[in-house]
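Undergrad: File protein_30.txt below, compact mmCIF, C-alpha atoms and all ligand atoms:
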```
# COMPACT_ATOMS: atom_id res chain seq x y z
CA MET A 1 -23.05 8.76 25.92
CA LYS A 2 -22.19 10.29 22.55
CA ILE A 3 -22.97 8.35 19.40
CA GLU A 4 -21.84 9.31 15.92
CA GLU A 5 -24.55 9.71 13.29
CA PHE A 6 -25.18 6.48 11.39
CA SER A 7 -24.89 8.33 8.08
CA LEU A 8 -25.41 5.20 5.98
CA GLU A 9 -28.89 4.64 7.41
CA ARG A 10 -29.74 8.33 7.74
CA ILE A 11 -29.13 9.30 4.12
CA GLN A 12 -31.11 6.26 2.96
CA SER A 13 -34.09 6.93 5.17
CA LEU A 14 -34.16 10.57 4.04
CA PHE A 15 -34.31 9.82 0.33
CA GLU A 16 -35.06 6.18 -0.56
CA ASN A 17 -38.84 6.56 -0.29
CA VAL A 18 -39.12 9.82 -2.23
CA VAL A 19 -36.81 9.28 -5.21
CA PRO A 20 -38.23 7.99 -8.54
CA ILE A 21 -35.50 5.34 -8.96
CA ASN A 22 -34.11 4.02 -5.70
CA LEU A 23 -30.90 2.06 -6.25
CA SER A 24 -29.60 2.49 -2.71
CA ASP A 25 -30.80 -0.80 -1.24
CA SER A 26 -28.54 -3.71 -0.44
CA GLY A 27 -31.13 -6.49 -0.38
CA VAL A 28 -33.32 -8.17 -2.95
CA HIS A 29 -36.67 -6.78 -4.06
CA PRO A 30 -39.08 -8.00 -1.33
CA MET A 31 -41.72 -10.71 -1.61
CA SER A 32 -45.34 -10.48 -0.40
CA VAL A 33 -47.19 -12.64 2.16
CA ASN A 34 -49.16 -14.08 -0.75
CA ASP A 35 -45.92 -15.23 -2.40
CA LEU A 36 -44.95 -17.14 0.73
CA LEU A 37 -47.99 -18.76 2.33
CA ASP A 38 -50.62 -21.13 0.96
CA GLN A 39 -54.34 -20.55 1.53
CA ASN A 40 -54.46 -22.68 4.72
CA GLU A 41 -51.53 -20.83 6.19
CA ILE A 42 -53.09 -17.48 5.32
CA GLU A 43 -56.29 -18.57 7.15
CA GLU A 44 -54.18 -19.70 10.11
CA LEU A 45 -52.35 -16.37 10.10
CA LEU A 46 -55.67 -14.51 10.22
CA GLU A 47 -56.68 -16.50 13.30
CA LEU A 48 -53.39 -15.94 15.10
CA GLU A 49 -53.70 -14.43 18.58
CA LEU A 50 -51.53 -11.35 18.73
CA GLY A 51 -49.91 -12.10 22.08
CA TYR A 52 -46.35 -11.41 23.19
CA GLY A 53 -44.85 -14.85 22.76
CA TRP A 54 -41.36 -15.63 24.07
CA THR A 55 -39.00 -12.72 24.64
CA ASN A 56 -36.15 -14.67 23.05
CA GLY A 57 -38.31 -16.04 20.20
CA ALA A 58 -40.70 -19.01 19.99
CA VAL A 59 -38.97 -22.31 20.82
CA SER A 60 -40.06 -23.83 17.51
CA LEU A 61 -38.67 -20.85 15.54
CA ARG A 62 -35.41 -20.96 17.47
CA SER A 63 -35.14 -24.72 16.78
CA THR A 64 -35.78 -24.11 13.07
CA ILE A 65 -33.02 -21.49 13.05
CA ALA A 66 -30.69 -23.77 15.04
CA ASP A 67 -31.11 -26.39 12.29
CA LEU A 68 -29.34 -24.01 9.88
CA TYR A 69 -26.16 -24.72 11.88
CA ASN A 70 -24.35 -27.92 12.87
CA GLU A 71 -25.37 -29.44 16.19
CA ARG A 72 -27.03 -26.33 17.57
CA SER A 73 -30.16 -26.17 19.71
CA ALA A 74 -32.81 -23.53 20.45
CA ASP A 75 -30.69 -22.34 23.41
CA ASP A 76 -27.93 -21.28 21.02
CA VAL A 77 -30.27 -18.85 19.24
CA ILE A 78 -32.10 -15.63 20.11
CA VAL A 79 -34.63 -14.11 17.71
CA THR A 80 -34.37 -10.33 17.30
CA ASN A 81 -36.00 -7.40 15.53
CA GLY A 82 -33.91 -7.47 12.38
CA SER A 83 -30.24 -8.27 12.31
CA ALA A 84 -29.77 -4.67 13.44
CA GLU A 85 -31.03 -5.62 16.90
CA ALA A 86 -28.90 -8.76 16.81
CA ASN A 87 -25.77 -6.65 16.23
CA PHE A 88 -26.84 -4.24 18.96
CA LEU A 89 -27.36 -7.03 21.50
CA MET A 90 -24.07 -8.64 20.51
CA VAL A 91 -22.20 -5.40 21.27
CA MET A 92 -24.09 -4.81 24.52
CA SER A 93 -23.60 -8.34 25.82
CA LEU A 94 -20.03 -9.12 24.74
CA LEU A 95 -18.23 -5.78 25.01
CA ASN A 96 -17.25 -3.51 27.88
CA PRO A 97 -15.84 0.03 27.93
CA GLY A 98 -12.06 -0.18 27.52
CA ASP A 99 -12.15 -3.39 25.43
CA GLU A 100 -10.61 -3.45 22.00
CA ILE A 101 -12.18 -4.96 18.91
CA VAL A 102 -10.73 -5.52 15.46
CA VAL A 103 -12.98 -4.73 12.52
CA PHE A 104 -12.46 -5.17 8.78
CA THR A 105 -13.52 -2.20 6.67
CA PRO A 106 -15.47 -1.26 4.67
CA ASN A 107 -18.47 -2.75 6.42
CA TYR A 108 -21.99 -1.84 7.55
CA LEU A 109 -20.53 0.18 10.48
CA GLN A 110 -23.39 -0.36 12.93
CA ILE A 111 -21.16 -2.38 15.25
CA VAL A 112 -18.39 0.21 14.99
CA GLY A 113 -20.82 3.02 15.91
CA TRP A 114 -22.24 1.25 18.96
CA ALA A 115 -18.86 -0.04 20.13
CA ARG A 116 -17.33 3.45 20.04
CA ALA A 117 -20.39 4.88 21.78
CA ILE A 118 -19.89 2.61 24.80
CA GLY A 119 -16.15 3.32 24.99
CA VAL A 120 -14.70 0.37 23.09
CA ASP A 121 -11.47 1.00 21.20
CA VAL A 122 -12.05 0.02 17.55
CA LYS A 123 -9.04 -1.07 15.45
CA THR A 124 -9.79 -1.15 11.73
CA ILE A 125 -8.11 -3.18 9.00
CA PRO A 126 -8.96 -2.31 5.39
CA HIS A 127 -9.97 -5.09 3.02
CA ASN A 128 -7.62 -5.14 0.06
CA GLU A 129 -9.46 -4.15 -3.13
CA ASN A 130 -6.56 -5.22 -5.35
CA ALA A 131 -6.89 -8.72 -3.92
CA GLY A 132 -10.69 -8.87 -4.48
CA TRP A 133 -11.36 -7.24 -1.08
CA GLU A 134 -9.65 -10.15 0.74
CA ILE A 135 -8.78 -10.02 4.43
CA ASP A 136 -5.23 -9.27 5.55
CA ILE A 137 -4.40 -11.93 8.13
CA GLU A 138 -0.88 -10.61 8.72
CA GLN A 139 -2.35 -7.23 9.62
CA LEU A 140 -4.88 -8.96 11.86
CA GLN A 141 -2.08 -10.74 13.75
CA LYS A 142 -0.45 -7.36 14.34
CA SER A 143 -3.69 -5.67 15.41
CA VAL A 144 -4.81 -8.18 18.04
CA SER A 145 -3.56 -7.26 21.52
CA GLY A 146 -4.08 -8.48 25.07
CA LYS A 147 -7.09 -6.12 25.27
CA THR A 148 -8.80 -7.47 22.15
CA ARG A 149 -12.10 -9.11 23.00
CA LEU A 150 -13.59 -9.66 19.58
CA ILE A 151 -12.79 -9.79 15.87
CA THR A 152 -15.74 -8.91 13.66
CA VAL A 153 -16.26 -9.29 9.93
CA CYS A 154 -19.18 -8.76 7.55
CA ASN A 155 -19.37 -11.86 5.34
CA PRO A 156 -20.64 -11.63 2.61
CA ASN A 157 -19.55 -8.03 2.78
CA ASN A 158 -21.64 -4.88 2.70
CA PRO A 159 -20.78 -2.90 0.52
CA THR A 160 -18.38 -4.89 -1.69
CA GLY A 161 -20.33 -8.17 -2.01
CA ALA A 162 -17.03 -10.00 -1.46
CA THR A 163 -17.13 -13.38 0.26
CA LEU A 164 -14.45 -14.98 2.41
CA SER A 165 -12.98 -18.23 1.15
CA LEU A 166 -13.09 -21.18 3.54
CA ASP A 167 -9.31 -20.78 3.95
CA ALA A 168 -9.78 -17.15 4.96
CA MET A 169 -12.51 -18.10 7.45
CA ASN A 170 -10.27 -20.77 8.93
CA ALA A 171 -7.40 -18.30 9.14
CA LEU A 172 -9.66 -15.94 11.13
CA VAL A 173 -10.62 -18.81 13.40
CA ASP A 174 -6.95 -19.69 13.94
CA VAL A 175 -6.14 -16.14 15.09
CA ALA A 176 -9.23 -15.94 17.35
CA ARG A 177 -8.50 -19.35 18.87
CA GLN A 178 -4.85 -18.55 19.41
CA HIS A 179 -5.91 -15.52 21.51
CA ASP A 180 -9.04 -17.19 22.94
CA ILE A 181 -11.25 -14.30 21.79
CA TYR A 182 -14.69 -14.02 20.21
CA LEU A 183 -15.12 -14.09 16.46
CA HIS A 184 -18.27 -12.45 15.13
CA ALA A 185 -19.60 -12.51 11.57
CA ASP A 186 -22.57 -10.54 10.26
CA GLU A 187 -23.93 -13.12 7.81
CA VAL A 188 -27.16 -11.40 6.76
CA TYR A 189 -26.19 -11.74 3.06
CA LYS A 190 -25.33 -15.46 3.46
CA GLY A 191 -27.25 -17.72 1.12
CA SER A 192 -27.08 -15.28 -1.80
CA GLU A 193 -23.70 -16.54 -3.09
CA LEU A 194 -23.91 -16.34 -6.86
CA ALA A 195 -21.64 -19.33 -7.53
CA GLY A 196 -21.07 -22.57 -5.67
CA ASP A 197 -22.73 -24.02 -2.59
CA GLU A 198 -23.69 -21.99 0.45
CA PRO A 199 -20.57 -21.88 2.65
CA PRO A 200 -20.63 -22.80 6.35
CA SER A 201 -21.41 -20.25 9.02
CA ILE A 202 -18.55 -19.02 11.19
CA VAL A 203 -20.49 -20.63 14.06
CA ASP A 204 -19.81 -24.06 12.56
CA LEU A 205 -16.05 -23.44 12.58
CA TYR A 206 -15.27 -22.12 16.05
CA GLU A 207 -16.65 -22.62 19.57
CA LYS A 208 -16.39 -18.90 20.46
CA ALA A 209 -17.96 -17.67 17.22
CA ILE A 210 -21.21 -15.74 17.14
CA ALA A 211 -23.19 -14.97 13.98
CA THR A 212 -25.74 -12.32 13.15
CA ASN A 213 -28.29 -13.21 10.53
CA GLY A 214 -31.86 -12.44 9.49
CA LEU A 215 -34.46 -12.42 6.77
CA SER A 216 -33.88 -8.93 5.36
CA LYS A 217 -31.27 -9.41 2.65
CA ALA A 218 -30.60 -12.79 1.00
CA MET A 219 -34.13 -13.80 2.08
CA ALA A 220 -35.74 -10.64 0.67
CA LEU A 221 -38.11 -10.04 3.61
CA PRO A 222 -36.94 -6.89 5.42
CA GLY A 223 -40.47 -5.87 6.42
CA LEU A 224 -40.75 -8.90 8.71
CA ARG A 225 -37.99 -7.42 10.90
CA ILE A 226 -36.76 -10.88 11.87
CA GLY A 227 -33.11 -11.42 12.71
CA TRP A 228 -31.15 -13.58 15.11
CA LEU A 229 -27.91 -14.27 16.89
CA ALA A 230 -26.48 -17.78 16.97
CA GLY A 231 -23.55 -18.74 19.17
CA PRO A 232 -22.49 -20.08 22.56
CA ALA A 233 -25.58 -20.59 24.79
CA LYS A 234 -24.19 -18.50 27.67
CA ASP A 235 -23.60 -15.50 25.39
CA ILE A 236 -27.01 -15.93 23.81
CA TYR A 237 -28.45 -15.92 27.33
CA ALA A 238 -26.61 -12.64 28.05
CA ALA A 239 -28.12 -11.17 24.86
CA TRP A 240 -31.56 -12.33 26.05
CA GLN A 241 -31.09 -10.44 29.35
CA ARG A 242 -30.52 -7.29 27.31
CA LYS A 243 -33.38 -7.96 24.90
CA ASP A 244 -35.82 -7.96 27.84
CA TYR A 245 -34.72 -4.33 28.32
CA THR A 246 -35.07 -3.29 24.68
CA SER A 247 -37.82 -4.53 22.38
CA ILE A 248 -39.08 -7.44 24.58
CA THR A 249 -40.23 -9.61 21.65
CA THR A 250 -40.50 -9.77 17.90
CA SER A 251 -43.92 -9.65 16.23
CA THR A 252 -46.11 -12.76 16.48
CA ILE A 253 -47.12 -12.37 12.83
CA SER A 254 -43.50 -12.13 11.72
CA GLU A 255 -42.49 -15.15 13.76
CA TYR A 256 -45.28 -17.19 12.19
CA ILE A 257 -44.09 -16.34 8.68
CA ALA A 258 -40.41 -16.68 9.63
CA GLU A 259 -40.89 -20.25 10.78
CA ARG A 260 -42.42 -21.19 7.44
CA VAL A 261 -39.89 -19.44 5.20
CA LEU A 262 -37.04 -21.06 7.10
CA GLN A 263 -38.23 -24.60 6.32
CA PRO A 264 -35.48 -25.96 4.02
CA ALA A 265 -37.51 -26.23 0.78
CA LEU A 266 -39.10 -22.78 0.95
CA ARG A 267 -35.87 -21.18 2.16
CA GLN A 268 -34.05 -22.63 -0.85
CA LYS A 269 -36.79 -21.45 -3.21
CA ILE A 270 -36.52 -17.90 -1.87
CA LEU A 271 -32.73 -17.94 -2.10
CA ASN A 272 -32.92 -19.26 -5.67
CA ARG A 273 -35.23 -16.37 -6.58
CA SER A 274 -32.79 -13.92 -4.99
CA LYS A 275 -29.82 -15.40 -6.83
CA SER A 276 -31.60 -15.38 -10.16
CA ILE A 277 -32.51 -11.66 -9.79
CA LEU A 278 -28.96 -10.83 -8.70
CA ARG A 279 -27.28 -12.79 -11.50
CA GLU A 280 -29.39 -11.14 -14.19
CA ASN A 281 -28.86 -7.66 -12.76
CA LEU A 282 -25.15 -8.16 -12.18
CA ALA A 283 -24.73 -9.07 -15.87
CA LEU A 284 -26.55 -5.84 -16.75
CA LEU A 285 -24.32 -3.84 -14.42
CA VAL A 286 -21.11 -5.42 -15.73
CA ASP A 287 -22.12 -4.53 -19.32
CA TRP A 288 -22.79 -0.97 -18.18
CA ILE A 289 -19.42 -0.81 -16.38
CA ASP A 290 -17.72 -2.00 -19.60
CA ALA A 291 -19.55 0.63 -21.64
CA ASN A 292 -18.47 3.33 -19.13
CA SER A 293 -14.99 2.02 -18.37
CA ASP A 294 -13.41 5.44 -18.89
CA THR A 295 -15.22 6.49 -15.70
CA VAL A 296 -16.05 3.45 -13.54
CA SER A 297 -14.57 0.12 -12.49
CA LEU A 298 -15.79 -2.74 -10.34
CA VAL A 299 -14.64 -5.83 -8.48
CA PRO A 300 -17.84 -7.80 -9.19
CA PRO A 301 -19.70 -8.86 -6.04
CA LYS A 302 -19.92 -12.58 -5.25
CA ALA A 303 -23.04 -12.26 -3.08
CA GLY A 304 -25.53 -9.73 -1.73
CA GLY A 305 -27.78 -7.21 -3.39
CA MET A 306 -25.21 -4.51 -4.10
CA ALA A 307 -22.06 -3.58 -5.97
CA PHE A 308 -19.39 -1.09 -4.90
CA VAL A 309 -18.48 0.93 -7.98
CA ARG A 310 -15.31 3.01 -8.20
CA TYR A 311 -15.23 6.20 -10.28
CA ASN A 312 -12.22 8.16 -11.39
CA ARG A 313 -13.27 11.82 -11.29
CA ASP A 314 -12.54 14.45 -8.70
CA VAL A 315 -16.06 14.71 -7.41
CA ASN A 316 -17.07 13.94 -3.87
CA SER A 317 -19.29 10.84 -3.61
CA THR A 318 -21.95 12.56 -1.48
CA ASP A 319 -22.10 15.45 -3.97
CA LEU A 320 -22.32 12.92 -6.81
CA ALA A 321 -25.14 10.99 -5.10
CA HIS A 322 -27.11 14.20 -4.53
CA LYS A 323 -26.51 15.36 -8.14
CA LEU A 324 -27.76 12.03 -9.49
CA ARG A 325 -30.77 12.23 -7.21
CA THR A 326 -31.77 15.82 -7.95
CA ASP A 327 -30.82 15.97 -11.66
CA LYS A 328 -31.60 12.40 -12.72
CA GLY A 329 -33.99 11.06 -10.07
CA VAL A 330 -31.67 8.14 -9.25
CA PHE A 331 -30.47 7.47 -5.73
CA VAL A 332 -27.24 5.55 -5.06
CA LEU A 333 -25.34 5.40 -1.78
CA PRO A 334 -22.15 7.49 -1.62
CA GLY A 335 -18.89 5.79 -0.64
CA ASP A 336 -18.49 8.58 1.94
CA VAL A 337 -20.86 6.78 4.32
CA TYR A 338 -18.24 4.01 4.49
CA GLY A 339 -15.34 6.49 4.78
CA LEU A 340 -14.37 5.61 1.19
CA ASP A 341 -14.83 8.55 -1.17
CA GLY A 342 -14.53 7.83 -4.90
CA TYR A 343 -17.08 5.01 -4.81
CA PHE A 344 -20.83 4.58 -4.87
CA ARG A 345 -22.91 1.59 -3.85
CA ILE A 346 -25.60 0.53 -6.25
CA GLY A 347 -28.41 -1.95 -5.53
CA ILE A 348 -28.56 -4.92 -7.87
CA GLY A 349 -31.48 -6.52 -6.05
CA ALA A 350 -33.86 -3.94 -7.51
CA PRO A 351 -36.23 -5.03 -10.30
CA LYS A 352 -34.53 -4.95 -13.71
CA SER A 353 -37.19 -2.46 -14.84
CA HIS A 354 -35.70 -0.10 -12.24
CA LEU A 355 -32.03 -0.83 -12.61
CA GLU A 356 -31.95 -0.53 -16.40
CA PRO A 357 -33.30 3.06 -16.65
CA GLY A 358 -31.34 3.98 -13.51
CA LEU A 359 -28.05 2.95 -15.12
CA GLU A 360 -29.00 4.74 -18.31
CA LYS A 361 -29.59 7.98 -16.39
CA ILE A 362 -26.30 7.69 -14.49
CA GLY A 363 -24.56 7.12 -17.86
CA GLU A 364 -26.23 10.27 -19.20
CA TYR A 365 -24.88 12.25 -16.26
CA PHE A 366 -21.37 10.87 -16.82
CA SER A 367 -21.51 12.19 -20.42
CA SER A 368 -22.72 15.63 -19.34
CA PRO A 369 -20.28 18.59 -19.38
CA ASP A 370 -20.98 19.06 -15.66
CA PHE A 371 -19.38 15.71 -14.87
CA ARG A 372 -16.86 15.52 -17.74
CA ASP A 373 -14.94 18.56 -16.47
CA LEU A 374 -14.34 17.02 -13.08
CA ASP A 375 -11.59 14.68 -14.14
CA LYS A 376 -8.73 15.75 -11.92
CA ARG A 377 -9.10 12.57 -9.97
CA ARG A 378 -8.38 10.35 -13.01
CA GLY A 379 -5.40 8.09 -12.41
CA ALA A 380 -5.32 8.77 -8.67
CA MET A 381 -7.89 6.32 -7.47
CA THR A 382 -6.76 5.67 -3.92
CA PRO A 383 -9.28 5.45 -1.09
CA SER A 384 -9.36 8.85 0.59
CA SER A 385 -9.74 7.72 4.16
CA ASP A 386 -10.49 4.93 6.54
CA PRO A 387 -13.44 5.36 8.97
CA ASP A 388 -10.75 5.95 11.64
C1 LIG B 1 -24.48 -6.15 7.13
C2 LIG B 1 -25.80 -5.71 7.66
N1 LIG B 1 -26.18 -6.10 8.88
C3 LIG B 1 -27.35 -5.74 9.40
C4 LIG B 1 -28.22 -4.94 8.68
C5 LIG B 1 -29.55 -4.59 9.29
O1 LIG B 1 -30.54 -5.30 8.62
P1 LIG B 1 -31.94 -5.74 9.22
O2 LIG B 1 -32.06 -5.17 10.58
O3 LIG B 1 -32.95 -5.24 8.26
O4 LIG B 1 -31.90 -7.25 9.24
C6 LIG B 1 -27.88 -4.49 7.41
C7 LIG B 1 -28.76 -3.60 6.65
O5 LIG B 1 -28.42 -3.07 5.63
C8 LIG B 1 -26.64 -4.91 6.87
O6 LIG B 1 -26.25 -4.55 5.65
```
Would you write the structure of this file as structure tokens?
TA:
Amino acid sequence: MKIEEFSLERIQSLFENVVPINLSDSGVHPMSVNDLLDQNEIEELLELELGYGWTNGAVSLRSTIADLYNERSADDVIVTNGSAEANFLMVMSLLNPGDEIVVFTPNYLQIVGWARAIGVDVKTIPHNENAGWEIDIEQLQKSVSGKTRLITVCNPNNPTGATLSLDAMNALVDVARQHDIYLHADEVYKGSELAGDEPPSIVDLYEKAIATNGLSKAMALPGLRIGWLAGPAKDIYAAWQRKDYTSITTSTISEYIAERVLQPALRQKILNRSKSILRENLALLVDWIDANSDTVSLVPPKAGGMAFVRYNRDVNSTDLAHKLRTDKGVFVLPGDVYGLDGYFRIGIGAPKSHLEPGLEKIGEYFSSPDFRDLDKRRGAMTPSSDPD
């Protein structure tokens, strides 16, 4: 089996821990165990026996997760090591070599990488930036064939922070239902919507929908490595069969904390913290974009810890990211890792004390002769390529 390099993760793991100002993350600055548990719970945690537990997740944790959805039970949920493992198990349990899937791009690309590696034919449909990164349902209708097994979407989206309207979600459901195929949504940024109420999960709208989620992004707890899949019980069971072959279980300590942070009141408190950090930082970013509008533009994100910034100079995004890192000590993610040159992704979940000087340094680079001369690209801001 050949698998393409997951360049998004690789470039981050090479540099995010060694750069003075890391603005490459997509989540919210993490919380500590002390922030989450009271003294009794901390004592209880210290006494916890570090056994294996259930290979699909403790029943009580799965029930707590099931309560996030309408009329779901513990059997409709499997707990995984991060949402990354949830996506992996989803691919391995639902897809077969020779199947087709339809994917909206840009997105996190983990599912695309695994699907291609096992011989699935991946059809991509670009989100439309001019329409606020909306989905193109007409294109979807044309792309679905008799071989299509699954439609998958990242909602809220990594990297754009766009969210699907309820109408758009229902339109996706209509197409999936019409063809009797699976509809998957990676919802790991759900709950961080900056305006309005938290929208429903795709799982609450369609009987053959399956959702990936976890505690790493909107919930600001990536170090717990807790994720899950929620969907039809028989497909969750198939994912469980594969989990026995991979990581066996999640960590007992993480499951203990996960069950507490997913209680409605604490979950809401954590999400409110996330949203307040994101709102403040987004305002800062938008001011910076305005001040640098000769160089950059942005469709402001509606959720998630990142913004996908477009720039109008003829400089490759990977080269730009490395220049900013080596010359200015600031690390942003190049659009190249999404197959979209001419953009960079910047984390807005970082502490303000990080983002503010980071933006200042990027601004300094934009005013430098080195960057100013590279303006051939101005006025020709079309995405260079699709991941295909
Ligand atoms: C859309 C999406 N899904 C899944 C993941 C994996 O996250 P984790 O395994 O930390 O939950 C990421 C990480 O960036 C992501 O952006």
Undergrad: Taking into account only C-alpha atoms and all ligand atoms, which residue in the set A:Asn292, A:Ser13, A:Ser317, A:Gln263 is nearest to ligand LIG 1 (chain B)?
TA: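 The answer is A:Ser13, which sits nearest to ligand LIG 1 (chain B).
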Undergrad: I want to know what sits within 12 Å of region 51-59 of chain A, based on only C-alpha atoms, with residues of the same chain fewer than 2 positions away left out; could you give that as a PyMOL selection string?
TA: chain A and resi 47-49+61-66+73-81+86+89+226-230+236-256+258-259
Undergrad: Identify the residues within 8 Å of coordinate (-27.2, -10.8, 10.0) (same frame as the file), considering all atoms listed in the file, and give the answer as a count of residues only.
TA: 17
Undergrad: As an exercise, work out the distance from CA of Pro126 (chain A) to CA of Glu280 (chain A) in Å and give it to one decimal place.
TA: 29.6 Å
Undergrad: Would you list the contacts of region 305-310 of chain A as a ChimeraX atom specification, taking every protein, DNA or RNA residue within 9 Å and counting only C-alpha atoms, but skipping same-chain residues closer than 2 positions in sequence?
TA: /A:23-29,158-161,189,192,217-218,274,278,282,285,289,295-301,303,312,335,341-350,381
Undergrad: Using all atoms listed in the file, can you tell me which of A:Met31, A:Ala168, A:Ala176, A:Ile118 comes closest to Pro222 (chain A)?
TA: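 Result for the nearest residue to Pro222 (chain A): A:Met31.
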Undergrad: In Å, how far is it from CA of Leu36 (chain A) to CA of Ile270 (chain A)?
TA: 8.9 Å
Undergrad: If you measure from CA of Leu95 (chain A) to CA of Thr124 (chain A), what distance in Å do you get, rounded to one decimal?
TA: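 One can read the CA of Leu95 (chain A) to CA of Thr124 (chain A) distance as 16.4 Å.
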Undergrad: Within 6 Å of (-20.6, -26.3, 14.6), only C-alpha atoms: residues as a list in words?
TA: Asn70, Glu71, Val203, Asp204 and Leu205 of chain A
Undergrad: If you count all atoms listed in the file, which residues fall within 8 Å of Arg149 (chain A), apart from same-chain ones fewer than 6 positions away, as a list in words?
TA: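 Final neighbour list, sorted by chain and number: Leu95, Asp99, Glu100, Ile101, Ile181 and Tyr182 of chain A.
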Undergrad: Using all atoms listed in the file for the distances, tell me which of A:Pro199, A:Pro357, A:Gly339, A:Gly304 is nearest to ligand LIG 1 (chain B).
TA: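 Looking at the shortest contact to ligand LIG 1 (chain B), the residue is A:Gly304.
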Undergrad: Restricting the calculation to only C-alpha atoms and all ligand atoms: of A:Asp294, A:Asp67, A:Glu43, A:Glu85, which residue gets closest to ligand LIG 1 (chain B)?
TA: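 The shortest atom-to-atom distance to ligand LIG 1 (chain B) comes from A:Glu85.
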Undergrad: Could you name the residues that touch Asn22 (chain A) at 6 Å or less, counting only C-alpha atoms, but leaving out those on the same chain fewer than 5 positions away, as JSON, numbers by chain?
TA: {"A": [16, 330, 331]}
Undergrad: Using only C-alpha atoms, which residues sit within 12 Å of region 38-40 of chain A once same-chain residues fewer than 4 positions away are excluded, as a list in words?
TA: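 Counting only the stated atoms, we get Ser32, Val33, Asn34, Glu44, Leu45, Leu46, Glu47, Ile257, Arg260, Val261 and Leu266 of chain A.
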Undergrad: Have a look at A:Glu207, A:Glu4, A:Glu9, A:Glu360 and name the one nearest to ligand LIG 1 (chain B); count all atoms listed in the file.
TA: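 Using all atoms listed in the file, the shortest distance to ligand LIG 1 (chain B) belongs to A:Glu9.
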Undergrad: Take region 157-204 of chain A from the block and save it with C-alpha atoms, as a CSV table (one decimal), in the first residue's frame.
TA:
```csv
chain,number,residue,atom,x,y,z
A,157,ASN,CA,-14.5,23.6,7.9
A,158,ASN,CA,-10.7,23.3,8.3
A,159,PRO,CA,-9.1,25.6,7.0
A,160,THR,CA,-11.7,28.2,6.1
A,161,GLY,CA,-13.8,28.2,9.4
A,162,ALA,CA,-16.9,28.3,7.2
A,163,THR,CA,-20.1,26.6,8.5
A,164,LEU,CA,-22.9,25.0,6.5
A,165,SER,CA,-26.3,26.5,6.9
A,166,LEU,CA,-29.1,24.2,7.9
A,167,ASP,CA,-30.4,24.5,4.3
A,168,ALA,CA,-27.1,23.3,3.0
A,169,MET,CA,-27.0,20.4,5.4
A,170,ASN,CA,-30.5,19.4,4.4
A,171,ALA,CA,-29.5,19.7,0.8
A,172,LEU,CA,-26.6,17.3,1.4
A,173,VAL,CA,-29.0,14.9,3.2
A,174,ASP,CA,-31.4,15.0,0.3
A,175,VAL,CA,-28.7,14.0,-2.2
A,176,ALA,CA,-27.4,11.2,0.1
A,177,ARG,CA,-30.9,9.9,0.7
A,178,GLN,CA,-31.8,10.0,-2.9
A,179,HIS,CA,-28.8,7.7,-3.7
A,180,ASP,CA,-29.1,5.8,-0.4
A,181,ILE,CA,-25.4,6.5,0.5
A,182,TYR,CA,-23.5,7.4,3.6
A,183,LEU,CA,-23.1,11.0,4.6
A,184,HIS,CA,-20.1,11.8,6.9
A,185,ALA,CA,-19.2,15.0,8.6
A,186,ASP,CA,-16.1,15.8,10.5
A,187,GLU,CA,-17.6,18.0,13.3
A,188,VAL,CA,-14.5,18.4,15.5
A,189,TYR,CA,-14.9,22.2,15.4
A,190,LYS,CA,-18.7,22.1,16.2
A,191,GLY,CA,-19.6,24.1,19.2
A,192,SER,CA,-17.2,26.9,18.4
A,193,GLU,CA,-19.7,28.8,16.2
A,194,LEU,CA,-19.1,32.5,16.9
A,195,ALA,CA,-22.7,33.6,16.3
A,196,GLY,CA,-26.0,31.9,17.0
A,197,ASP,CA,-26.9,28.6,18.6
A,198,GLU,CA,-24.9,25.4,18.1
A,199,PRO,CA,-26.4,23.8,15.0
A,200,PRO,CA,-27.5,20.1,14.9
A,201,SER,CA,-25.2,17.3,14.0
A,202,ILE,CA,-25.5,15.7,10.6
A,203,VAL,CA,-26.4,12.5,12.6
A,204,ASP,CA,-29.6,14.2,13.8
```
